[in-house]
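This report concerns only the one structure given below.
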Amino acid sequence: SLPDGYNPDIPHVRSILEPEYDRLWIVHRLDKETSGLLVLARTKIAHKNLNQQFQDRIVNKTYHAIVHGRPPWDVIIIDSPLKVDGDRHHRTIISTAKGKPACTECAVIQRWQNTSLLSIHPLTGYTHQIRAHLTSVGHSLLGDTVYTTHPLQFNEAFGRTALHSFSLQFNHP
């Protein structure tokens, strides 16, 4: 989504799209290993409007994820407070003392032998919220080498974390 801090020559979404569409503003970005939908604005006014919608938490976000294990629940709401950059590894952690309120709703779409497909609705929007919340309930993302609680069972078909931004609903400015 953004220029790489280590190698600025690696293409990013603006460097690819701006030659054709002129100046763009990133509103909703994704981590390097997450696939799916982004939101970019083509004007300053649209950028301000869309940012306000995200800040006011009126944007409905749905992600799909493949996780380790078979959750015993069909639907769960994880409302554990999160502290971004909360440990020595710069991970987002659960912290009842210093964390901010965070809420993620998860529903099982399908269960397989050792993994499951989930639909995830983050009701707040903190860095690595989905990864931290899923790990806290024992179902980390397949391919996640940072938050996993399981022995590395990296799925080479993905080559990344199995997280996909599936749907975004917002009011078009």
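Residues are named by chain letter and number: chains run A, B, ... in the order of the structure tokens, numbers start at 1 in each chain, and ligands are numbered from 1 in the order shown.
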May I have a table of the residues of stretch 16-69 of chain A lying at most 8 Å from stretch 138-141 of chain A, giving each one's closest pair of atoms and their distance in Å to one decimal, counting only C-alpha atoms, ordered by chain and ascending residue number, as a tab-separated table?
residue	atom	partner	partner_atom	distance
A:Ala65	CA	A:Leu141	CA	6.7
A:Ile66	CA	A:Leu141	CA	6.0
A:Val67	CA	A:Leu141	CA	4.3
A:His68	CA	A:His139	CA	5.2
A:Gly69	CA	A:His139	CA	6.1
Can you list, as number ranges by chain, every protein, DNA or RNA residue that comes within 9 Å of A:Val39 when you count only C-alpha atoms, leaving out same-chain residues fewer than 4 positions away?
A: 25-29, 50, 168
If you measure from atom CA of A:Asp144 to atom CA of A:His164, what distance in Å do you get, rounded to one decimal?
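It comes out at 13.0 Å.
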What is the distance between atom CA of A:Thr115 and atom CA of A:Ile130, in Å to one decimal?
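Computing the Euclidean distance for atom CA of A:Thr115 and atom CA of A:Ile130 yields 16.5 Å.
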Residues near A:Lys32, anyone? I mean within 10 Å using only C-alpha atoms, not counting same-chain ones fewer than 4 positions away, as a PyMOL selection string.
chain A and resi 1-2+4+12+160-161
So which residues touch A:Gln55 within 10 Å, counting only C-alpha atoms, skipping near sequence neighbours fewer than 4 positions away, as a ChimeraX atom specification?
/A:49-51,59,124-125
Selection file, C-alpha atoms, as a PDB file, in the first residue's frame:
ATOM      1  CA  ASN A  49     -14.867  12.866   3.851  1.00  0.00           C
ATOM      2  CA  LEU A  50     -13.726   9.243   3.641  1.00  0.00           C
ATOM      3  CA  ASN A  51     -11.206   9.640   6.473  1.00  0.00           C
ATOM      4  CA  VAL A  59     -17.454   2.036   7.476  1.00  0.00           C
ATOM      5  CA  THR A 124     -12.666  -0.760  15.724  1.00  0.00           C
ATOM      6  CA  GLY A 125      -9.594  -0.330  13.578  1.00  0.00           C
TER       7      GLY A 125
END
Report, in Å to a single decimal, how far apart atom CA of A:Val146 and atom CA of A:Asp9 are.
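One can read the atom CA of A:Asp9 to atom CA of A:Val146 distance as 25.1 Å.
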Closest of A:Lys83, A:Lys98, A:Arg57, A:Arg70 to A:Leu117 - atom-to-atom distances counting only C-alpha atoms:
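Under the stated criterion, the closest residue is A:Arg70.
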DSSP on the backbone, alpha helix (DSSP H) only: what residues of stretch 7-171 of chain A does that give? Format it as a ChimeraX atom specification.
/A:13-21,44-55,129-136
How would the residues just picked look written out with N, CA and C atoms as a short mmCIF file (atom, residue, chain, number, x, y, z; two decimals), in the first residue's frame?
data_model
loop_
_atom_site.label_atom_id
_atom_site.label_comp_id
_atom_site.auth_asym_id
_atom_site.auth_seq_id
_atom_site.Cartn_x
_atom_site.Cartn_y
_atom_site.Cartn_z
N VAL A 13 1.03 1.07 -4.44
CA VAL A 13 -0.22 1.34 -5.15
C VAL A 13 -0.23 2.74 -5.79
N ARG A 14 0.24 3.75 -5.10
CA ARG A 14 0.24 5.09 -5.70
C ARG A 14 1.21 5.18 -6.87
N SER A 15 2.38 4.56 -6.75
CA SER A 15 3.36 4.63 -7.85
C SER A 15 2.83 3.93 -9.10
N ILE A 16 1.95 2.99 -8.93
CA ILE A 16 1.37 2.27 -10.06
C ILE A 16 0.19 3.03 -10.67
N LEU A 17 -0.67 3.61 -9.81
CA LEU A 17 -1.91 4.22 -10.29
C LEU A 17 -1.80 5.70 -10.66
N GLU A 18 -0.93 6.46 -9.97
CA GLU A 18 -0.89 7.91 -10.21
C GLU A 18 -0.48 8.31 -11.64
N PRO A 19 0.37 7.56 -12.34
CA PRO A 19 0.66 7.97 -13.72
C PRO A 19 -0.59 8.02 -14.60
N GLU A 20 -1.57 7.20 -14.29
CA GLU A 20 -2.80 7.20 -15.09
C GLU A 20 -3.90 8.08 -14.50
N TYR A 21 -3.99 8.16 -13.15
CA TYR A 21 -5.12 8.83 -12.50
C TYR A 21 -4.75 10.14 -11.81
N LYS A 44 -8.94 16.05 -2.57
CA LYS A 44 -8.73 16.35 -1.15
C LYS A 44 -10.04 16.30 -0.38
N ILE A 45 -11.11 16.77 -0.99
CA ILE A 45 -12.42 16.79 -0.33
C ILE A 45 -12.91 15.36 -0.08
N ALA A 46 -12.77 14.49 -1.08
CA ALA A 46 -13.17 13.09 -0.91
C ALA A 46 -12.30 12.43 0.16
N HIS A 47 -11.01 12.74 0.17
CA HIS A 47 -10.10 12.19 1.17
C HIS A 47 -10.56 12.56 2.58
N LYS A 48 -10.87 13.82 2.79
CA LYS A 48 -11.33 14.28 4.11
C LYS A 48 -12.63 13.58 4.51
N ASN A 49 -13.58 13.50 3.57
CA ASN A 49 -14.87 12.87 3.85
C ASN A 49 -14.70 11.39 4.20
N LEU A 50 -13.92 10.67 3.40
CA LEU A 50 -13.73 9.24 3.64
C LEU A 50 -12.97 9.00 4.94
N ASN A 51 -11.93 9.78 5.20
CA ASN A 51 -11.21 9.64 6.47
C ASN A 51 -12.14 9.83 7.66
N GLN A 52 -13.05 10.79 7.56
CA GLN A 52 -14.00 11.04 8.65
C GLN A 52 -14.90 9.83 8.87
N GLN A 53 -15.33 9.19 7.78
CA GLN A 53 -16.17 8.00 7.91
C GLN A 53 -15.43 6.87 8.63
N PHE A 54 -14.16 6.68 8.30
CA PHE A 54 -13.37 5.66 8.99
C PHE A 54 -13.18 6.06 10.46
N GLN A 55 -12.87 7.33 10.71
CA GLN A 55 -12.66 7.79 12.09
C GLN A 55 -13.93 7.64 12.92
N GLN A 129 -5.18 -5.52 14.67
CA GLN A 129 -6.29 -5.90 15.56
C GLN A 129 -6.76 -7.33 15.32
N ILE A 130 -7.01 -7.68 14.06
CA ILE A 130 -7.51 -9.02 13.74
C ILE A 130 -6.50 -10.07 14.18
N ARG A 131 -5.23 -9.85 13.85
CA ARG A 131 -4.19 -10.82 14.18
C ARG A 131 -4.08 -11.01 15.70
N ALA A 132 -4.08 -9.92 16.44
CA ALA A 132 -3.95 -10.00 17.91
C ALA A 132 -5.17 -10.66 18.54
N HIS A 133 -6.37 -10.27 18.09
CA HIS A 133 -7.59 -10.84 18.67
C HIS A 133 -7.72 -12.33 18.36
N LEU A 134 -7.45 -12.73 17.12
CA LEU A 134 -7.56 -14.15 16.79
C LEU A 134 -6.54 -14.98 17.58
N THR A 135 -5.33 -14.48 17.69
CA THR A 135 -4.32 -15.20 18.47
C THR A 135 -4.74 -15.33 19.92
N SER A 136 -5.40 -14.30 20.45
CA SER A 136 -5.80 -14.33 21.86
C SER A 136 -6.84 -15.40 22.16
#
Using only C-alpha atoms for the distances, tell me which of A:Gly143, A:Gly159, A:Pro72, A:Gly36 is nearest to A:Ala107.
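Closest to A:Ala107, using only C-alpha atoms: A:Pro72.
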Taking the backbone alone, and naming residues the way the document does, which bits of stretch 9-126 of chain A are strand (DSSP E or B) by DSSP, as number ranges by chain?
A: 25-28, 35-36, 39-41, 60-68, 75-78, 82-83, 93-94, 100, 104-111, 115-122
Spatial neighbours of A:Thr127, max dist 10 Å, only C-alpha atoms, sep filter under 4 positions, as a list in words:
Leu30, Asp31, Leu82, Lys83, Val84, Asp85, Arg91, Thr92, Arg131 and Ala132 of chain A
How about saving the chosen residues, N, CA and C atoms kept, as an mmCIF file, in the first residue's frame?
data_model
loop_
_atom_site.group_PDB
_atom_site.id
_atom_site.type_symbol
_atom_site.label_atom_id
_atom_site.label_comp_id
_atom_site.auth_asym_id
_atom_site.auth_seq_id
_atom_site.Cartn_x
_atom_site.Cartn_y
_atom_site.Cartn_z
ATOM 1 N N LEU A 30 -3.662 -1.632 3.474
ATOM 2 C CA LEU A 30 -3.532 -2.993 3.982
ATOM 3 C C LEU A 30 -2.079 -3.274 4.323
ATOM 4 N N ASP A 31 -1.866 -4.190 5.257
ATOM 5 C CA ASP A 31 -0.520 -4.665 5.526
ATOM 6 C C ASP A 31 0.021 -5.343 4.277
ATOM 7 N N LEU A 82 -6.724 -3.389 23.345
ATOM 8 C CA LEU A 82 -5.461 -3.576 22.639
ATOM 9 C C LEU A 82 -4.502 -2.410 22.873
ATOM 10 N N LYS A 83 -3.226 -2.762 22.971
ATOM 11 C CA LYS A 83 -2.150 -1.774 23.029
ATOM 12 C C LYS A 83 -1.265 -2.009 21.818
ATOM 13 N N VAL A 84 -1.243 -1.021 20.910
ATOM 14 C CA VAL A 84 -0.423 -1.110 19.706
ATOM 15 C C VAL A 84 1.035 -0.927 20.095
ATOM 16 N N ASP A 85 1.912 -1.697 19.458
ATOM 17 C CA ASP A 85 3.350 -1.643 19.744
ATOM 18 C C ASP A 85 3.582 -1.911 21.236
ATOM 19 N N ARG A 91 4.552 -5.818 18.599
ATOM 20 C CA ARG A 91 3.246 -6.388 18.278
ATOM 21 C C ARG A 91 2.142 -5.643 19.028
ATOM 22 N N THR A 92 0.930 -5.743 18.492
ATOM 23 C CA THR A 92 -0.253 -5.282 19.199
ATOM 24 C C THR A 92 -0.616 -6.377 20.191
ATOM 25 N N ARG A 131 -5.234 -9.853 13.849
ATOM 26 C CA ARG A 131 -4.191 -10.824 14.177
ATOM 27 C C ARG A 131 -4.075 -11.015 15.696
ATOM 28 N N ALA A 132 -4.079 -9.919 16.444
ATOM 29 C CA ALA A 132 -3.947 -10.004 17.906
ATOM 30 C C ALA A 132 -5.174 -10.661 18.538
#
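Minimum distance to A:Pro81 across A:Ile94, A:Leu163, A:Leu123, A:Leu37 (counting only C-alpha atoms) occurs at A:Ile94.
Proximity ranking of A:Val75, A:Ile58, A:Ile93, A:Gln113 relative to A:Gln169 places A:Ile58 first, based on only C-alpha atoms.
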